[in-house]
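Heads up, target.txt below (compact mmCIF, C-alpha atoms):
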```txt
# COMPACT_ATOMS: atom_id res chain seq x y z
CA MET A 1 53.51 112.21 145.76
CA ARG A 2 49.85 111.51 146.14
CA PRO A 3 47.02 111.54 143.60
CA GLY A 4 45.88 115.10 142.92
CA ASP A 5 49.07 116.78 144.16
CA THR A 6 50.61 119.81 142.55
CA VAL A 7 54.26 118.90 142.06
CA VAL A 8 57.13 121.23 141.19
CA ILE A 9 60.41 119.76 139.92
CA VAL A 10 63.32 122.19 140.02
CA GLY A 11 65.73 121.22 137.24
CA ALA A 12 65.27 119.34 133.98
CA GLY A 13 68.58 117.54 133.69
CA PRO A 14 68.62 113.74 133.74
CA VAL A 15 67.50 113.59 137.38
CA GLY A 16 64.67 116.11 136.98
CA LEU A 17 63.46 114.55 133.74
CA SER A 18 63.49 111.12 135.37
CA ALA A 19 61.33 112.57 138.16
CA THR A 20 59.04 114.04 135.49
CA VAL A 21 58.62 110.66 133.80
CA THR A 22 57.96 108.77 137.05
CA ALA A 23 55.62 111.42 138.48
CA LYS A 24 52.73 110.11 136.39
CA LEU A 25 52.80 106.87 138.39
CA PHE A 26 51.35 108.88 141.30
CA SER A 27 48.56 110.69 139.37
CA PRO A 28 49.43 114.28 140.27
CA ARG A 29 47.07 117.08 139.24
CA ASN A 30 49.90 119.25 137.96
CA VAL A 31 53.58 118.70 137.25
CA VAL A 32 55.51 121.93 136.86
CA VAL A 33 59.16 121.82 135.82
CA VAL A 34 61.44 124.79 136.47
CA GLU A 35 64.43 124.97 134.14
CA ARG A 36 66.72 127.65 132.74
CA THR A 37 67.43 125.93 129.41
CA PRO A 38 64.64 126.20 126.79
CA ALA A 39 65.49 122.85 125.14
CA ARG A 40 65.19 121.05 128.47
CA ARG A 41 61.90 122.80 129.23
CA GLU A 42 60.61 121.50 125.88
CA MET A 43 61.79 117.97 126.74
CA ALA A 44 60.01 118.18 130.11
CA LEU A 45 56.76 118.97 128.30
CA GLU A 46 57.30 116.09 125.89
CA LEU A 47 57.86 113.75 128.85
CA GLY A 48 54.61 114.69 130.56
CA ALA A 49 55.02 117.93 132.51
CA ALA A 50 51.92 120.09 132.31
CA HIS A 51 54.06 123.23 132.54
CA ALA A 52 57.75 123.98 132.04
CA VAL A 53 58.84 127.49 132.95
CA GLY A 54 61.80 129.60 133.97
CA GLU A 55 62.45 130.76 137.51
CA ASP A 56 60.92 134.17 136.80
CA GLU A 57 57.53 132.62 135.97
CA VAL A 58 57.22 129.81 138.48
CA HIS A 59 55.95 131.69 141.55
CA GLY A 60 52.99 133.17 139.68
CA LEU A 61 52.16 129.88 137.98
CA VAL A 62 52.29 127.80 141.16
CA GLY A 63 50.27 130.44 142.99
CA LYS A 64 47.58 130.18 140.33
CA LEU A 65 47.60 126.36 140.16
CA ALA A 66 47.54 125.89 143.93
CA ASP A 67 45.19 128.73 144.89
CA GLY A 68 48.05 130.68 146.45
CA TYR A 69 49.05 127.90 148.87
CA GLY A 70 52.14 126.55 147.13
CA ALA A 71 52.95 123.12 145.77
CA ASP A 72 52.11 119.95 147.69
CA VAL A 73 55.47 118.48 146.71
CA THR A 74 58.64 120.12 145.46
CA ILE A 75 61.61 118.19 144.16
CA GLY A 76 65.07 119.71 144.01
CA ALA A 77 66.79 117.83 141.20
CA VAL A 78 69.82 120.02 140.60
CA GLY A 79 72.18 119.88 143.58
CA PHE A 80 72.81 123.62 143.83
CA PRO A 81 71.84 125.75 146.83
CA ASP A 82 69.62 128.13 144.83
CA ALA A 83 67.60 125.19 143.45
CA PHE A 84 67.01 123.80 146.94
CA GLU A 85 66.02 127.23 148.21
CA LEU A 86 63.56 127.65 145.31
CA ALA A 87 62.03 124.24 146.09
CA ALA A 88 61.69 125.26 149.75
CA ASP A 89 60.14 128.59 148.79
CA LEU A 90 57.53 126.99 146.52
CA VAL A 91 56.23 124.33 148.92
CA ARG A 92 52.96 124.91 150.80
CA SER A 93 52.47 124.60 154.54
CA GLY A 94 52.36 120.92 155.42
CA GLY A 95 53.97 120.07 152.08
CA ARG A 96 56.89 117.86 151.24
CA ILE A 97 60.31 118.68 149.81
CA ALA A 98 62.40 115.92 148.25
CA ASP A 99 65.94 116.96 147.45
CA ILE A 100 67.41 114.37 145.10
CA GLY A 101 70.10 116.48 143.42
CA VAL A 102 73.69 115.56 144.21
CA HIS A 103 75.19 118.41 146.23
CA GLU A 104 78.92 119.03 146.09
CA GLY A 105 78.79 121.95 148.49
CA PRO A 106 76.67 123.29 151.34
CA ALA A 107 73.12 124.54 150.98
CA THR A 108 71.40 126.76 153.52
CA LEU A 109 68.35 125.38 155.26
CA HIS A 110 66.23 128.47 156.04
CA LEU A 111 64.52 127.23 159.17
CA GLU A 112 63.33 130.78 159.89
CA LYS A 113 60.99 130.30 156.91
CA LEU A 114 60.36 126.55 157.03
CA TRP A 115 59.58 125.90 160.69
CA ALA A 116 56.16 127.57 160.50
CA LYS A 117 55.35 125.71 157.27
CA GLN A 118 55.72 122.33 159.03
CA VAL A 119 57.20 120.71 155.93
CA THR A 120 58.76 117.30 155.57
CA ILE A 121 62.18 117.28 153.92
CA THR A 122 63.73 114.13 152.52
CA THR A 123 66.98 113.54 150.71
CA ASN A 124 67.96 110.48 148.78
CA ILE A 125 69.96 109.06 145.96
CA PRO A 126 68.85 106.06 143.90
CA SER A 127 69.63 102.77 145.53
CA GLY A 128 69.54 99.17 144.44
CA LEU A 129 66.47 98.72 146.65
CA THR A 130 64.30 100.84 144.35
CA ILE A 131 65.38 99.25 141.06
CA PRO A 132 62.54 96.65 141.01
CA GLN A 133 59.99 99.37 141.82
CA LEU A 134 61.21 101.35 138.80
CA MET A 135 61.77 98.42 136.44
CA ASN A 136 58.25 97.01 136.77
CA PRO A 137 56.52 100.05 135.18
CA ILE A 138 59.19 100.13 132.47
CA ALA A 139 58.76 96.41 131.75
CA THR A 140 54.97 96.72 131.54
CA GLY A 141 55.14 99.78 129.32
CA ALA A 142 53.64 102.14 131.93
CA LEU A 143 56.84 104.20 131.70
CA ASP A 144 58.93 104.88 128.62
CA ALA A 145 62.43 105.63 129.85
CA THR A 146 63.93 105.42 126.35
CA ARG A 147 63.04 109.09 125.77
CA LEU A 148 65.80 109.98 128.25
CA ILE A 149 68.46 108.39 126.04
CA SER A 150 70.03 111.10 123.93
CA HIS A 151 73.15 109.28 122.69
CA ARG A 152 74.13 105.66 122.02
CA LEU A 153 77.78 104.71 121.61
CA PRO A 154 79.74 101.46 121.51
CA LEU A 155 81.50 100.50 124.72
CA ALA A 156 84.84 101.12 122.98
CA GLU A 157 83.92 104.84 122.87
CA THR A 158 83.38 105.19 126.63
CA MET A 159 85.68 108.19 126.91
CA GLN A 160 83.82 109.97 124.12
CA GLY A 161 80.58 109.19 125.97
CA TYR A 162 81.90 110.89 129.10
CA ASP A 163 82.99 113.87 127.01
CA VAL A 164 79.56 114.15 125.38
CA PHE A 165 77.84 113.97 128.76
CA THR A 166 80.24 116.46 130.37
CA ARG A 167 79.47 118.98 127.62
CA SER A 168 75.71 118.47 127.82
CA ALA A 169 74.98 122.18 127.34
CA GLU A 170 76.59 121.92 123.90
CA THR A 171 75.67 118.35 122.98
CA GLY A 172 72.15 118.13 124.42
CA ALA A 173 73.13 114.96 126.28
CA LEU A 174 70.72 113.56 128.81
CA LYS A 175 71.64 109.89 129.11
CA VAL A 176 74.47 108.27 127.18
CA VAL A 177 74.03 104.54 126.68
CA LEU A 178 77.09 102.41 125.97
CA THR A 179 76.53 99.08 124.24
CA ASN A 180 78.82 96.10 123.83
CA ASN A 181 78.37 95.01 120.23
```
Would you write out, as structure tokens, the structure that this file holds?
Amino acid sequence: MRPGDTVVIVGAGPVGLSATVTAKLFSPRNVVVVERTPARREMALELGAAHAVGEDEVHGLVGKLADGYGADVTIGAVGFPDAFELAADLVRSGGRIADIGVHEGPATLHLEKLWAKQVTITTNIPSGLTIPQLMNPIATGALDATRLISHRLPLAETMQGYDVFTRSAETGALKVVLTNN
């Protein structure tokens, strides 16, 4: 991301919401989050997204925000083929796609659409090398990551924590923190 970019984040689970929180470090003009679940759209707005919409609204919104050119940066934060394809569809010519969702199956790369756009595509998962870069803004108060914590449980209830996280659609779980009291 660069200052002034229009950024679209596809998915408002823990990965997408983390991207929403950290996006402000790069001073984007607009952060748009695309999410199917209303409660997660609301959380994205609370965490700093300028807009949080469903898939049916996003093309019109991004077209309006980016003068019809598409987003400067799109982030696929889900790990499903349709989310990656939406991120690829929403990026402008010369834009950048970052796919940070964990894929468990194949996704189609539509080069017949992307080659003319001359986009840059990156994939990545968090690594130990980026921890200091993320911890510094948290330590200084520039980022408040505590909003991502939805549940706190004692370490002895680890299995319950996994159950709560696995059923996030029912429980509203984002991040489950286990503490050793």
ask   = Around (71.5, 118.3, 139.5) in the file's own coordinates, what residues are found within 12 Å if you use all atoms listed in the file, given back as a PyMOL selection string?
value = chain A and resi 9-19+35+75-84+99-104+125+174
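Nearest to Glu112 (chain A) of all the residues A:Ala98, A:Ala139, A:Tyr69, A:Ala88 is A:Ala88, based on only C-alpha atoms.
Among the candidates A:Thr37, A:Val8, A:Ala23, A:Ala44, the residue lying nearest to Val58 (chain A) is A:Val8 (atoms considered: only C-alpha atoms).
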remark   = Correct to one decimal, the distance CA of Pro106 (chain A)-CA of Gly60 (chain A) is 28.2 Å
task = Compile the contact shell of Glu85 (chain A) as a PyMOL selection string: residues with an atom at most 8 Å away, counting all atoms listed in the file, same-chain residues fewer than 4 positions apart removed.
result = chain A and resi 81+89+108-110
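Considering the residues A:Thr6, A:Thr22, A:Asn180, A:Ser93 and counting only C-alpha atoms, Asp144 (chain A) has its shortest atom-to-atom contact with A:Thr22.
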query = Near Leu153 (chain A), within 10 Å and counting only C-alpha atoms, which residues show up once chain neighbours fewer than 6 positions away are dropped, as a count of residues only?
reply = 8
Please produce region 137-148 of chain A, completed to all heavy atoms, as a PDB file, in the coordinates of the input.
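And here's rebuild-v2.pdb as it stands now:
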```pdb
ATOM      1  N   PRO A 137      57.283  99.207 136.112  1.00  0.00           N
ATOM      2  CA  PRO A 137      56.520 100.050 135.180  1.00  0.00           C
ATOM      3  C   PRO A 137      57.187 100.174 133.806  1.00  0.00           C
ATOM      4  O   PRO A 137      56.495 100.334 132.803  1.00  0.00           O
ATOM      5  CB  PRO A 137      56.444 101.411 135.869  1.00  0.00           C
ATOM      6  CG  PRO A 137      56.877 101.203 137.261  1.00  0.00           C
ATOM      7  CD  PRO A 137      57.658  99.937 137.312  1.00  0.00           C
ATOM      8  N   ILE A 138      58.495 100.092 133.770  1.00  0.00           N
ATOM      9  CA  ILE A 138      59.190 100.130 132.470  1.00  0.00           C
ATOM     10  C   ILE A 138      58.907  98.839 131.709  1.00  0.00           C
ATOM     11  O   ILE A 138      58.569  98.868 130.523  1.00  0.00           O
ATOM     12  CB  ILE A 138      60.705 100.352 132.666  1.00  0.00           C
ATOM     13  CG1 ILE A 138      60.947 101.782 133.182  1.00  0.00           C
ATOM     14  CG2 ILE A 138      61.466 100.115 131.369  1.00  0.00           C
ATOM     15  CD1 ILE A 138      62.366 102.055 133.634  1.00  0.00           C
ATOM     16  N   ALA A 139      58.991  97.702 132.394  1.00  0.00           N
ATOM     17  CA  ALA A 139      58.760  96.410 131.750  1.00  0.00           C
ATOM     18  C   ALA A 139      57.331  96.263 131.243  1.00  0.00           C
ATOM     19  O   ALA A 139      57.096  95.649 130.198  1.00  0.00           O
ATOM     20  CB  ALA A 139      59.087  95.271 132.723  1.00  0.00           C
ATOM     21  N   THR A 140      56.372  96.837 131.952  1.00  0.00           N
ATOM     22  CA  THR A 140      54.970  96.720 131.540  1.00  0.00           C
ATOM     23  C   THR A 140      54.563  97.774 130.528  1.00  0.00           C
ATOM     24  O   THR A 140      53.445  97.743 130.013  1.00  0.00           O
ATOM     25  CB  THR A 140      54.028  96.822 132.754  1.00  0.00           C
ATOM     26  OG1 THR A 140      54.176  98.107 133.347  1.00  0.00           O
ATOM     27  CG2 THR A 140      54.302  95.719 133.765  1.00  0.00           C
ATOM     28  N   GLY A 141      55.445  98.730 130.269  1.00  0.00           N
ATOM     29  CA  GLY A 141      55.140  99.780 129.320  1.00  0.00           C
ATOM     30  C   GLY A 141      54.449 100.993 129.942  1.00  0.00           C
ATOM     31  O   GLY A 141      54.086 101.940 129.242  1.00  0.00           O
ATOM     32  N   ALA A 142      54.258 100.985 131.267  1.00  0.00           N
ATOM     33  CA  ALA A 142      53.640 102.140 131.930  1.00  0.00           C
ATOM     34  C   ALA A 142      54.555 103.364 131.880  1.00  0.00           C
ATOM     35  O   ALA A 142      54.080 104.486 131.898  1.00  0.00           O
ATOM     36  CB  ALA A 142      53.296 101.795 133.384  1.00  0.00           C
ATOM     37  N   LEU A 143      55.855 103.123 131.825  1.00  0.00           N
ATOM     38  CA  LEU A 143      56.840 104.200 131.700  1.00  0.00           C
ATOM     39  C   LEU A 143      57.737 103.933 130.509  1.00  0.00           C
ATOM     40  O   LEU A 143      58.185 102.812 130.305  1.00  0.00           O
ATOM     41  CB  LEU A 143      57.728 104.293 132.944  1.00  0.00           C
ATOM     42  CG  LEU A 143      57.143 104.828 134.220  1.00  0.00           C
ATOM     43  CD1 LEU A 143      58.190 104.832 135.320  1.00  0.00           C
ATOM     44  CD2 LEU A 143      56.581 106.214 134.020  1.00  0.00           C
ATOM     45  N   ASP A 144      57.998 104.977 129.745  1.00  0.00           N
ATOM     46  CA  ASP A 144      58.930 104.880 128.620  1.00  0.00           C
ATOM     47  C   ASP A 144      60.186 105.668 128.957  1.00  0.00           C
ATOM     48  O   ASP A 144      60.228 106.881 128.778  1.00  0.00           O
ATOM     49  CB  ASP A 144      58.288 105.406 127.339  1.00  0.00           C
ATOM     50  CG  ASP A 144      59.217 105.303 126.135  1.00  0.00           C
ATOM     51  OD1 ASP A 144      60.291 104.665 126.244  1.00  0.00           O
ATOM     52  OD2 ASP A 144      58.875 105.871 125.080  1.00  0.00           O
ATOM     53  N   ALA A 145      61.183 104.975 129.464  1.00  0.00           N
ATOM     54  CA  ALA A 145      62.430 105.630 129.850  1.00  0.00           C
ATOM     55  C   ALA A 145      63.369 105.850 128.665  1.00  0.00           C
ATOM     56  O   ALA A 145      64.369 106.562 128.780  1.00  0.00           O
ATOM     57  CB  ALA A 145      63.143 104.804 130.922  1.00  0.00           C
ATOM     58  N   THR A 146      63.043 105.279 127.515  1.00  0.00           N
ATOM     59  CA  THR A 146      63.930 105.420 126.350  1.00  0.00           C
ATOM     60  C   THR A 146      64.020 106.864 125.874  1.00  0.00           C
ATOM     61  O   THR A 146      64.997 107.246 125.238  1.00  0.00           O
ATOM     62  CB  THR A 146      63.486 104.529 125.177  1.00  0.00           C
ATOM     63  OG1 THR A 146      62.160 104.893 124.785  1.00  0.00           O
ATOM     64  CG2 THR A 146      63.541 103.056 125.563  1.00  0.00           C
ATOM     65  N   ARG A 147      63.016 107.680 126.189  1.00  0.00           N
ATOM     66  CA  ARG A 147      63.040 109.090 125.770  1.00  0.00           C
ATOM     67  C   ARG A 147      64.180 109.859 126.442  1.00  0.00           C
ATOM     68  O   ARG A 147      64.564 110.915 125.987  1.00  0.00           O
ATOM     69  CB  ARG A 147      61.716 109.771 126.098  1.00  0.00           C
ATOM     70  CG  ARG A 147      60.507 109.182 125.402  1.00  0.00           C
ATOM     71  CD  ARG A 147      60.478 109.475 123.897  1.00  0.00           C
ATOM     72  NE  ARG A 147      60.824 110.818 123.537  1.00  0.00           N
ATOM     73  CZ  ARG A 147      59.996 111.841 123.430  1.00  0.00           C
ATOM     74  NH1 ARG A 147      58.724 111.675 123.666  1.00  0.00           N
ATOM     75  NH2 ARG A 147      60.427 113.035 123.076  1.00  0.00           N
ATOM     76  N   LEU A 148      64.694 109.327 127.540  1.00  0.00           N
ATOM     77  CA  LEU A 148      65.800 109.980 128.250  1.00  0.00           C
ATOM     78  C   LEU A 148      67.151 109.706 127.599  1.00  0.00           C
ATOM     79  O   LEU A 148      68.125 110.381 127.890  1.00  0.00           O
ATOM     80  CB  LEU A 148      65.838 109.537 129.707  1.00  0.00           C
ATOM     81  CG  LEU A 148      64.621 109.925 130.539  1.00  0.00           C
ATOM     82  CD1 LEU A 148      64.675 109.246 131.894  1.00  0.00           C
ATOM     83  CD2 LEU A 148      64.522 111.421 130.688  1.00  0.00           C
TER      84      LEU A 148
END
```
